[in-house]
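Structure, as structure tokens:
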Amino acid sequence: MVHVNNYSGIQKSTMALHKYGQRKYTLWAVFGFYMALKSGSASKAEKMIFPQLAIRLFDGMKPLLNAQEGYLQALVYQIANKKKELAEFLKSDQVKTWDLLDLNVLIPPALEEVEDWEGLQSHCIDYLVEKKRDDWNHWKALLLTFEKLNTPAKAIEFITSYKKSQNSLLAMVEAASRDISGALPINEAAENYFNFMSKKRSTFPDLIKYVSLKNFDQAKWLAFLDQVDCNDQIVKVNVEKFKFLHREDNLDVDAFVKTQVKNYEQYQVQLKAKDAKDYHPADDFLLISALAILEQSQDKVSLEKAAVLLELAALNDKHQFFVRLWLVRIYLRLGAFNLAKGHYKILKVSKIQHESLSHFMLTRLTSIFPDFGVLYDAFEQYETANNEITSYLLQAFEKGSYTQLESMNDLQRIMKSSVSRGIIQVEIRKTKQFQTIPKLEALTTLKIDGMADSRDFDIMFDIPRPGQERTSQLPGLTLGPKLGQKWVNVHQIKYNILKSLVKGTEDLKIESDALKQAISDSEDEVTEIEKWSLQVVYLLSVSALDKKKDQHYSTLLAKLAEAEPIVARAGSQSELQGQFSWPQLHVLYTVLETVKIVADYAELLSKHKSSIQFNTAAVTALKPKLENGLYAQVRDSAAAIKNKRDATVQNELDAVVNWSGKLGFTGVFRNSIDHIAESVIEGIAVNQDQALTYIRSIKL
């Protein structure tokens with residue numbers, strides 16, 4: 001039951017073990033009740049019974065023997081909705097003696113829930129003063145208690161009497177933002193914090209929330225930053241990032257980039273001296289330069305300019321995570337799969353990181369370059385993770401490590417029902433239209449309900465102006481609309497239909513109706529050409545339900561013809577004025593995938609003509625019409641794009657190399673930047689040509 005992530009089964013098996021009378025089995029049974037309730041696998045009746053059973057079992061084992069049992073006691077109070085009992089337990093001397101981090105984390109929200117402000121205040125003061133743990137969450141909880149008890153003077157007194165530290169100074173900024181009487185003006189509090197923490201990289205993320213508030217005097221703040229001594233590179237980085245945060249709408253991007261180039265070069269000595277795995281703070285100068293360029297424009301040349309600056313940073317700083325993540329995004333948007341793949345491999349995204357970050361590389365990958373290897377390696381991460389997590393869970397049960405059991409169970413659930421996993425499986429199935437995939441049978445049917453979304457969209461290095469959209473989420477920098485559970489669901493139905501088209505059973509009618517509804521539901525997650533492709537599959541399913549009816553085939557052909565102007569635009573001269581990138585590849589690959597689905601269906605029917613009745617004339621004519629129509633148009637568009645590449649590449653080279661030459665790089669960087677600019681433009685062209693060649697190699 002642990003292996004298959006079946007919480008109901010875990011509950012039943014642990015309850016059966018409990019009958020053997022061993023203490024650990026009884027504890028397992030209590031935990032089984034908790035997970036069944038938390039996971040939602042318990043029935044309506046069980047939701048009423050399980051909390052009572054858990055309390056009864058637990059009461060029979062008291063006194064508690066250790067902190068892990070204490071943590072399980074807290075979980076029991078939670079599922080029984082006994083808020084007061086939980087609060088009293090967490091305030092007890094026994095919990096204080098155990099001093100278990102996982103229990104300490106539960107205390108502030110539990111006391112806040114029952115509005116025990118005096119108890120919460122006492123706990124926070126003990127935690128910050130007696131235990132000397134300068135924890136920010138306890139600071140925030142403490143400030144809340146002073147507000148609730150209407151003792152603002154005591155709040156300010158406590159902050160000012162506490163040792164001067166990162167969190168005590170930030171607490172004053174927080175107090176100022178809440179307008180607590182007696183607090184320093186918010187600008188002064190922020191300046192004090194900056195002066196104390198200016199040489200730390202955490203300064204910017206700590207203060208960004210406060211310096212973006214409407215009551216914060218930005219002009220005064222910028223004047224303060226102008227007076228800061230910037231001899232230290234981290235101080236200089238913090239100053240420039242805050243200035244960039246408050247940039248004007250009409251920022252002179254070229255002048256800004258030149259300034260940041262000088263800043264970057266100023267600290268090249270530290271770059272040479274640093275450990276290979278250390279973060280080079282001066283890389284942030286090039287990162288904010290790239291953001292400035294991309295915020296102003298997301299055309300192809302702008303993307304290439306940003307890539308040139310980031311490639312320079314990556315060349316000199318091998319382990320620069322944020323630089324490489326941005327390069328992955330830029331190259332995929334440009335349709336340069338192998339360049340993106342190179343940087344993604346260096347990131348070594350794996351295990352839980354893979355669950356939250358792999359979407360940056362794998363989303364809509366098949367419409368850039370159908371690389372089965374990358375996708376299957378990603379899918380295997382989930383299979384491996386399941387085996388490893390199962391082993392850890394069984395060990396945690398044996399050792400009674402309930403703090404680990406809960407988090408590991410959650411991780412197993414997330415990995416099994418992951419949106420990212422669903423996206424990967426859909427992309428793998430898409431590649432079947434382009435190549436033979438012997439391992440495809442390893443893929444499982446997805447359970448759509450209750451999918452877990454652990455994708456991290458905010459990890460990208462990004463500094464939006466207050467109230468503005470993140471630069472990384474601008475339409476010109478993403479691969480279509482953000483996809484999720486609805487996108488996975490509609491494609492799951494699509495592939496269920498493709499498996500039963502020829503037989504045309506009653507199940508096909510159910511799936512066909514489901515697809516029609518799912519297409520409507522997923523409109524905010526699919527691109528224009530994806531929606532067209534799904535509609536083609538729907539009409540194909542309608543035709544498969546009545547294979548003799550001639551009208552179904554004419555309706556299908558009419559829907560296929562709707563893509564002709566879209567394909568024409570993808571390969572037209574007006575669209576190729578230095579702009580060829582992922583959107584055009586996405587159209588060509590999606591249309592080609594769809595044409596092959598229809599052609600494969602026609603071929604399968606022909607192979608079964610002795611056992612299946614269908615409109616022989618319409619089906620026989622279908623494949624030639626595709627070959628001479630959309631299929632030929634896709635191939636011709638790909639060829640037209642390739643034939644225009646030389647002139648396009650030269651124009652881009654002239655624009656980007658001339659631009660890079662005026663940035664003011666000196667010495668070794670001057671030589672590097674010219675070489676990088678040329679290799680970026682030519683590398684993108686080569687990658688795009690590989691994708692176009694692949695398109696032309698696909699046979700119907």
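Ordering of the structure tokens sets the chain letters (A, B, ...); residue numbers start at 1 within each chain; ligands are numbered from 1 in the order shown.
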
Next item on the list: Any chance you could list, as JSON, numbers by chain, the residues in range 468-599 of chain A that come up helix (DSSP H, G or I) when DSSP is run on the backbone?
Entry: {"A": [471, 472, 473, 475, 476, 477, 485, 486, 487, 488, 489, 490, 491, 492, 493, 494, 495, 496, 497, 498, 499, 506, 507, 508, 509, 510, 511, 512, 513, 514, 515, 516, 517, 518, 519, 520, 521, 528, 529, 530, 531, 532, 533, 534, 535, 536, 537, 538, 539, 540, 541, 542, 543, 544, 545, 550, 551, 552, 553, 554, 555, 556, 557, 558, 559, 560, 561, 564, 565, 566, 567, 568, 569, 570, 574, 575, 576, 582, 583, 584, 585, 586, 587, 588, 589, 590, 591, 592, 593, 594, 595, 596, 597, 598, 599]}

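The gap separating CA of Ile463 in chain A from CA of Leu327 in chain A is 16.8 Å, in Å to one decimal.
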
Margin query: Just to confirm, what's the straight-line distance from CA of Ile428 in chain A to CA of Tyr376 in chain A in Å (one decimal)?
Written below: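 We find that CA of Ile428 in chain A and CA of Tyr376 in chain A lie 7.1 Å from each other.
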
Check: Contacts of range 115-126 of chain A at 10 Å or less, counting only C-alpha atoms, minus same-chain residues fewer than 4 places along, as a ChimeraX atom specification?
Finding: /A:84,87-88,90-91,96,104,107-111,130-133,135,137-149,158

Checklist line | Counting only C-alpha atoms, the option among A:Ala292, A:Ile49, A:Ser198, A:Leu508 closest to Asp229 in chain A | finding: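 That would be A:Ser198, the residue with the smallest distance to Asp229 in chain A.
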
Next item on the list: Find, counting only C-alpha atoms, the residue in A:Lys277, A:His246, A:Lys12, A:Lys494 that gets nearest to Ser533 in chain A.
Entry: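 Selected residue with least distance to Ser533 in chain A: A:Lys494.
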
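Omitting Ala175 in chain A and its sequence neighbours fewer than 2 positions away, and counting only C-alpha atoms, the residues within 10 Å are Lys140, Leu143, Leu144, Glu147, Pro152, Ala155, Ile156, Ile159, Leu169, Leu170, Ala171, Met172, Val173, Ser177, Arg178, Asp179, Ile180, Ser181, Gly182, Ala183, Leu184, Pro185, Ile186 and Ala189 of chain A.
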
Next item on the list: For His343 in chain A, list every protein, DNA or RNA residue within 8 Å, evaluated using only C-alpha atoms, and leave out those in the same chain fewer than 2 positions away; present the list as an MDAnalysis selection string.
Entry: chainID A and resid 324:325 327:328 339:341 345:347

Notebook entry, point to check: What's the 8 Å shell around Ser522 in chain A, counting only C-alpha atoms, without same-chain residues fewer than 6 positions away, as a VMD selection string?
Noted result: chain A and resid 486 to 487 490

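Residue nearest Ala36 in chain A within the list A:Leu286, A:Ile79, A:Ile566, A:Leu57: A:Ile79 [criterion: smallest interatomic distance, only C-alpha atoms].
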
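Going from CA of Ala452 in chain A to CA of Ser418 in chain A covers 4.8 Å.
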
Note to self: Applying 10 Å and only C-alpha atoms, which residues near Ile459 in chain A remain after dropping the ones on its own chain fewer than 5 positions away? List them as a PyMOL selection string.
What the structure shows: chain A and resi 322+325+356-357+472

Note to self: I'd like to know which of A:Ser660, A:Val649, A:Glu174, A:Lys236 is closest to Asp206 in chain A, using only C-alpha atoms.
What the structure shows: A:Glu174

Check: For Arg56 in chain A, which of A:Tyr538, A:Tyr71, A:Tyr77, A:Tyr694 is the closest residue, counting only C-alpha atoms?
Finding: A:Tyr77

What are the closest atom pairs, with distances in Å to one decimal, for each residue of range 567-670 of chain A lying within 12 Å of range 370-375 of chain A, using only C-alpha atoms, rows by chain and rising residue number, as a Markdown table?
| residue | atom | partner | partner_atom | distance |
| --- | --- | --- | --- | --- |
| A:Leu585 | CA | A:Pro370 | CA | 11.3 |
| A:His586 | CA | A:Pro370 | CA | 11.1 |
| A:Tyr589 | CA | A:Pro370 | CA | 8.9 |
| A:Thr590 | CA | A:Pro370 | CA | 11.0 |
| A:Leu592 | CA | A:Pro370 | CA | 12.0 |
| A:Glu593 | CA | A:Pro370 | CA | 10.7 |

Would you mind exporting the chosen residues as a PDB file, in the first residue's frame, restricted to N, CA and C atoms?
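This went into selection_19.pdb:
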ATOM      1  N   LEU A 585       7.663  27.310 -35.573  1.00  0.00           N
ATOM      2  CA  LEU A 585       7.946  25.882 -35.398  1.00  0.00           C
ATOM      3  C   LEU A 585       6.751  25.174 -34.751  1.00  0.00           C
ATOM      4  N   HIS A 586       6.163  25.821 -33.780  1.00  0.00           N
ATOM      5  CA  HIS A 586       5.009  25.257 -33.079  1.00  0.00           C
ATOM      6  C   HIS A 586       3.881  24.966 -34.059  1.00  0.00           C
ATOM      7  N   TYR A 589       5.105  21.922 -36.540  1.00  0.00           N
ATOM      8  CA  TYR A 589       5.129  20.612 -35.888  1.00  0.00           C
ATOM      9  C   TYR A 589       3.723  20.150 -35.503  1.00  0.00           C
ATOM     10  N   THR A 590       2.896  21.052 -35.000  1.00  0.00           N
ATOM     11  CA  THR A 590       1.546  20.667 -34.578  1.00  0.00           C
ATOM     12  C   THR A 590       0.697  20.251 -35.770  1.00  0.00           C
ATOM     13  N   LEU A 592       1.870  19.096 -38.624  1.00  0.00           N
ATOM     14  CA  LEU A 592       2.416  17.840 -39.124  1.00  0.00           C
ATOM     15  C   LEU A 592       1.966  16.654 -38.256  1.00  0.00           C
ATOM     16  N   GLU A 593       1.988  16.833 -36.944  1.00  0.00           N
ATOM     17  CA  GLU A 593       1.509  15.783 -36.034  1.00  0.00           C
ATOM     18  C   GLU A 593       0.056  15.433 -36.335  1.00  0.00           C
TER      19      GLU A 593
END
